[in-house]
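**Student:** Pasting in a structure now, in structure tokens, and then I'll have a few things to ask.
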Amino acid sequence: MANVFPKQVKKEIIDGWEAEPIWKVALLDNGFTYDHTTDILYANVASDELASGNGYTTGGATLAGRVGAYVDTYDYWLNADDRAWTSATFTNVRYVVVYETSSDKIRFIYDLGANYSCVNSTFTVVWAATGLIKITD
């Protein structure tokens, strides 16, 4: 599956990136299959999320340090702090979903490209140096 960034929410995301109260990052297992007609809300993908326990809490973790900036007339970068889960033990993490909690809307889904596991260690989602995503008109 390719990384998904629904076209219809570009402007909504830019306008709300810093204004929306809480965004979260959740981890999905390798059983998840994206469906663009139904996977619009976090609730639609929650059945494929990791279970609570072993260093992870269902619902994900707050995405801290959110900033956004235009780098030119057309390109807007969204950035935030990397997110780490400490003392984590889980298997088959394949997708990362970022969603806004007041509306439950999924903003983007990342396919990690492989299954990842960790045993009593720190699992960190590291965003690119330039940010989570670039929105281009």
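Here, A, B, ... name the chains of the structure tokens in the order displayed, residue numbers run from 1 inside each chain, and ligands are numbered from 1 in the same displayed order.
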Just want the 12 Å neighbourhood of Tyr74 in chain A, counted on only C-alpha atoms, with same-chain residues fewer than 6 positions away dropped. Output as a ChimeraX atom specification.
**Tutor:** /A:11,14,134-137
**Student:** Identify all residues of range 56-125 of chain A in strand (DSSP E) (DSSP on the backbone) and supply them as a ChimeraX atom specification.
**Tutor:** /A:61-62,67-70,75-79,83-100,105-125
**Student:** What are the closest atom pairs, with distances in Å to one decimal, for each residue of range 78-101 of chain A lying within 10 Å of range 31-40 of chain A, using only C-alpha atoms, rows by chain and rising residue number, as CSV?
**Tutor:**
residue,atom,partner,partner_atom,distance
A:Asn92,CA,A:Gly31,CA,8.6
A:Val93,CA,A:Gly31,CA,9.3
A:Arg94,CA,A:Phe32,CA,8.2
A:Tyr95,CA,A:Phe32,CA,7.8
A:Tyr99,CA,A:Ile40,CA,9.6
**Student:** With N, CA and C atoms retained, export the selected residues as a PDB file, in the first residue's frame.
**Tutor:**
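Result file part-v8.pdb:
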ATOM      1  N   ASN A  92       4.966  -7.186  14.509  1.00  0.00           N
ATOM      2  CA  ASN A  92       4.213  -6.944  13.275  1.00  0.00           C
ATOM      3  C   ASN A  92       3.581  -5.560  13.152  1.00  0.00           C
ATOM      4  N   VAL A  93       4.297  -4.519  13.618  1.00  0.00           N
ATOM      5  CA  VAL A  93       3.851  -3.153  13.361  1.00  0.00           C
ATOM      6  C   VAL A  93       4.168  -2.864  11.900  1.00  0.00           C
ATOM      7  N   ARG A  94       3.177  -2.408  11.150  1.00  0.00           N
ATOM      8  CA  ARG A  94       3.392  -2.162   9.734  1.00  0.00           C
ATOM      9  C   ARG A  94       2.964  -0.760   9.302  1.00  0.00           C
ATOM     10  N   TYR A  95       1.974  -0.183  10.001  1.00  0.00           N
ATOM     11  CA  TYR A  95       1.427   1.108   9.586  1.00  0.00           C
ATOM     12  C   TYR A  95       1.381   2.083  10.755  1.00  0.00           C
ATOM     13  N   TYR A  99      -4.057  10.929  13.314  1.00  0.00           N
ATOM     14  CA  TYR A  99      -5.436  11.395  13.276  1.00  0.00           C
ATOM     15  C   TYR A  99      -5.657  12.513  14.282  1.00  0.00           C
TER      16      TYR A  99
END
**Student:** For the interface of range 8-95 of chain A with range 117-133 of chain A (cut-off 9 Å, counting only C-alpha atoms), please tabulate each contacting residue of range 8-95 of chain A alongside its nearest pair of atoms and their separation in Å to one decimal, rows sorted by chain and increasing number, as JSON lines.
**Tutor:**
{"residue": "A:Asn54", "atom": "CA", "partner": "A:Asn120", "partner_atom": "CA", "distance": 7.9}
{"residue": "A:Gly55", "atom": "CA", "partner": "A:Asn120", "partner_atom": "CA", "distance": 8.2}
{"residue": "A:Gly68", "atom": "CA", "partner": "A:Gly131", "partner_atom": "CA", "distance": 8.8}
{"residue": "A:Tyr76", "atom": "CA", "partner": "A:Ile133", "partner_atom": "CA", "distance": 8.4}
{"residue": "A:Trp77", "atom": "CA", "partner": "A:Ile133", "partner_atom": "CA", "distance": 5.9}
{"residue": "A:Leu78", "atom": "CA", "partner": "A:Gly131", "partner_atom": "CA", "distance": 5.5}
{"residue": "A:Asn79", "atom": "CA", "partner": "A:Gly131", "partner_atom": "CA", "distance": 4.1}
{"residue": "A:Ala80", "atom": "CA", "partner": "A:Gly131", "partner_atom": "CA", "distance": 6.8}
{"residue": "A:Asp81", "atom": "CA", "partner": "A:Trp127", "partner_atom": "CA", "distance": 7.7}
{"residue": "A:Asp82", "atom": "CA", "partner": "A:Val126", "partner_atom": "CA", "distance": 4.9}
{"residue": "A:Arg83", "atom": "CA", "partner": "A:Val125", "partner_atom": "CA", "distance": 5.3}
{"residue": "A:Ala84", "atom": "CA", "partner": "A:Thr124", "partner_atom": "CA", "distance": 4.1}
{"residue": "A:Trp85", "atom": "CA", "partner": "A:Phe123", "partner_atom": "CA", "distance": 5.2}
{"residue": "A:Thr86", "atom": "CA", "partner": "A:Thr122", "partner_atom": "CA", "distance": 4.3}
{"residue": "A:Ser87", "atom": "CA", "partner": "A:Asn120", "partner_atom": "CA", "distance": 4.6}
{"residue": "A:Ala88", "atom": "CA", "partner": "A:Asn120", "partner_atom": "CA", "distance": 4.9}
{"residue": "A:Thr89", "atom": "CA", "partner": "A:Val119", "partner_atom": "CA", "distance": 4.3}
{"residue": "A:Phe90", "atom": "CA", "partner": "A:Ser117", "partner_atom": "CA", "distance": 5.6}
{"residue": "A:Thr91", "atom": "CA", "partner": "A:Ser117", "partner_atom": "CA", "distance": 4.1}
{"residue": "A:Asn92", "atom": "CA", "partner": "A:Ser117", "partner_atom": "CA", "distance": 5.7}
{"residue": "A:Val93", "atom": "CA", "partner": "A:Ser117", "partner_atom": "CA", "distance": 6.3}
**Student:** Deliver the residues from the most recent selection as a file, using N, CA and C atoms, as a PDB file, in the first residue's frame.
**Tutor:**
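Final output, result04.pdb:
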ATOM      1  N   ASN A  54       2.254  -3.709  27.261  1.00  0.00           N
ATOM      2  CA  ASN A  54       3.623  -3.872  26.770  1.00  0.00           C
ATOM      3  C   ASN A  54       4.214  -2.577  26.206  1.00  0.00           C
ATOM      4  N   GLY A  55       3.901  -1.450  26.846  1.00  0.00           N
ATOM      5  CA  GLY A  55       4.473  -0.172  26.430  1.00  0.00           C
ATOM      6  C   GLY A  55       3.644   0.604  25.422  1.00  0.00           C
ATOM      7  N   GLY A  68       4.111  24.103  11.332  1.00  0.00           N
ATOM      8  CA  GLY A  68       3.907  24.082   9.895  1.00  0.00           C
ATOM      9  C   GLY A  68       4.421  25.375   9.289  1.00  0.00           C
ATOM     10  N   TYR A  76       3.912  23.450   1.553  1.00  0.00           N
ATOM     11  CA  TYR A  76       3.719  23.636   2.989  1.00  0.00           C
ATOM     12  C   TYR A  76       4.170  22.360   3.685  1.00  0.00           C
ATOM     13  N   TRP A  77       5.093  22.484   4.634  1.00  0.00           N
ATOM     14  CA  TRP A  77       5.610  21.323   5.365  1.00  0.00           C
ATOM     15  C   TRP A  77       4.959  21.235   6.730  1.00  0.00           C
ATOM     16  N   LEU A  78       4.544  20.046   7.120  1.00  0.00           N
ATOM     17  CA  LEU A  78       4.050  19.761   8.458  1.00  0.00           C
ATOM     18  C   LEU A  78       5.144  19.006   9.195  1.00  0.00           C
ATOM     19  N   ASN A  79       5.428  19.431  10.415  1.00  0.00           N
ATOM     20  CA  ASN A  79       6.469  18.764  11.179  1.00  0.00           C
ATOM     21  C   ASN A  79       6.010  18.591  12.622  1.00  0.00           C
ATOM     22  N   ALA A  80       6.609  17.648  13.303  1.00  0.00           N
ATOM     23  CA  ALA A  80       6.315  17.381  14.710  1.00  0.00           C
ATOM     24  C   ALA A  80       7.485  16.605  15.295  1.00  0.00           C
ATOM     25  N   ASP A  81       7.455  16.465  16.599  1.00  0.00           N
ATOM     26  CA  ASP A  81       8.481  15.678  17.277  1.00  0.00           C
ATOM     27  C   ASP A  81       8.345  14.202  16.899  1.00  0.00           C
ATOM     28  N   ASP A  82       9.473  13.513  16.825  1.00  0.00           N
ATOM     29  CA  ASP A  82       9.438  12.061  16.659  1.00  0.00           C
ATOM     30  C   ASP A  82       8.672  11.484  17.847  1.00  0.00           C
ATOM     31  N   ARG A  83       8.114  10.298  17.671  1.00  0.00           N
ATOM     32  CA  ARG A  83       7.336   9.699  18.757  1.00  0.00           C
ATOM     33  C   ARG A  83       7.931   8.357  19.139  1.00  0.00           C
ATOM     34  N   ALA A  84       8.207   8.186  20.433  1.00  0.00           N
ATOM     35  CA  ALA A  84       8.826   6.961  20.920  1.00  0.00           C
ATOM     36  C   ALA A  84       7.939   6.283  21.966  1.00  0.00           C
ATOM     37  N   TRP A  85       7.908   4.973  21.906  1.00  0.00           N
ATOM     38  CA  TRP A  85       7.254   4.160  22.922  1.00  0.00           C
ATOM     39  C   TRP A  85       8.374   3.408  23.639  1.00  0.00           C
ATOM     40  N   THR A  86       8.512   3.606  24.944  1.00  0.00           N
ATOM     41  CA  THR A  86       9.597   2.982  25.702  1.00  0.00           C
ATOM     42  C   THR A  86       9.118   1.687  26.364  1.00  0.00           C
ATOM     43  N   SER A  87      10.066   0.851  26.694  1.00  0.00           N
ATOM     44  CA  SER A  87       9.777  -0.454  27.304  1.00  0.00           C
ATOM     45  C   SER A  87       8.694  -1.198  26.529  1.00  0.00           C
ATOM     46  N   ALA A  88       8.790  -1.115  25.213  1.00  0.00           N
ATOM     47  CA  ALA A  88       7.758  -1.680  24.335  1.00  0.00           C
ATOM     48  C   ALA A  88       8.102  -3.100  23.906  1.00  0.00           C
ATOM     49  N   THR A  89       7.083  -3.913  23.870  1.00  0.00           N
ATOM     50  CA  THR A  89       7.197  -5.261  23.323  1.00  0.00           C
ATOM     51  C   THR A  89       5.979  -5.506  22.445  1.00  0.00           C
ATOM     52  N   PHE A  90       6.192  -5.573  21.148  1.00  0.00           N
ATOM     53  CA  PHE A  90       5.127  -5.909  20.217  1.00  0.00           C
ATOM     54  C   PHE A  90       5.720  -6.377  18.904  1.00  0.00           C
ATOM     55  N   THR A  91       4.862  -7.019  18.112  1.00  0.00           N
ATOM     56  CA  THR A  91       5.309  -7.582  16.840  1.00  0.00           C
ATOM     57  C   THR A  91       4.416  -7.095  15.700  1.00  0.00           C
ATOM     58  N   ASN A  92       4.966  -7.186  14.509  1.00  0.00           N
ATOM     59  CA  ASN A  92       4.213  -6.944  13.275  1.00  0.00           C
ATOM     60  C   ASN A  92       3.581  -5.560  13.152  1.00  0.00           C
ATOM     61  N   VAL A  93       4.297  -4.519  13.618  1.00  0.00           N
ATOM     62  CA  VAL A  93       3.851  -3.153  13.361  1.00  0.00           C
ATOM     63  C   VAL A  93       4.168  -2.864  11.900  1.00  0.00           C
TER      64      VAL A  93
END
**Student:** Tell me which protein, DNA and RNA residues are within 6 Å of Asp48 in chain A, counting only C-alpha atoms, leaving out same-chain ones fewer than 3 positions away, and put them as a ChimeraX atom specification.
**Tutor:** /A:28-29,32,45
**Student:** Within chain A, find each residue whose DSSP state, derived from the backbone, is alpha helix (DSSP H), and express the selection as an MDAnalysis selection string.
**Tutor:** chainID A and resid 10:16 42:45
**Student:** Write a file of the selected residues as a compact mmCIF listing (two decimals), in the first residue's frame, keeping C-alpha atoms.
**Tutor:**
# COMPACT_ATOMS: atom_id res chain seq x y z
CA LYS A 10 -5.24 19.17 2.06
CA LYS A 11 -6.58 22.64 2.83
CA GLU A 12 -8.33 21.42 5.96
CA ILE A 13 -5.07 19.97 7.24
CA ILE A 14 -3.06 23.10 6.53
CA ASP A 15 -5.67 25.32 8.19
CA GLY A 16 -5.96 23.11 11.24
CA TYR A 42 -9.74 6.47 13.36
CA ALA A 43 -12.66 4.26 14.45
CA ASN A 44 -12.58 2.64 11.00
CA VAL A 45 -9.02 1.34 11.53
**Student:** So how far away is CA of Ile22 in chain A from CA of Tyr116 in chain A, in Å?
**Tutor:**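 It comes out at 26.2 Å.
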**Student:** CA of Ala51 in chain A and CA of Asn115 in chain A, how far apart in Å?
**Tutor:**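 Separating CA of Asn115 in chain A from CA of Ala51 in chain A is a distance of 16.2 Å.
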**Student:** In Å, how far is it from CA of Ser103 in chain A to CA of Asn30 in chain A?
**Tutor:**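 Between CA of Ser103 in chain A and CA of Asn30 in chain A the gap is 25.5 Å.
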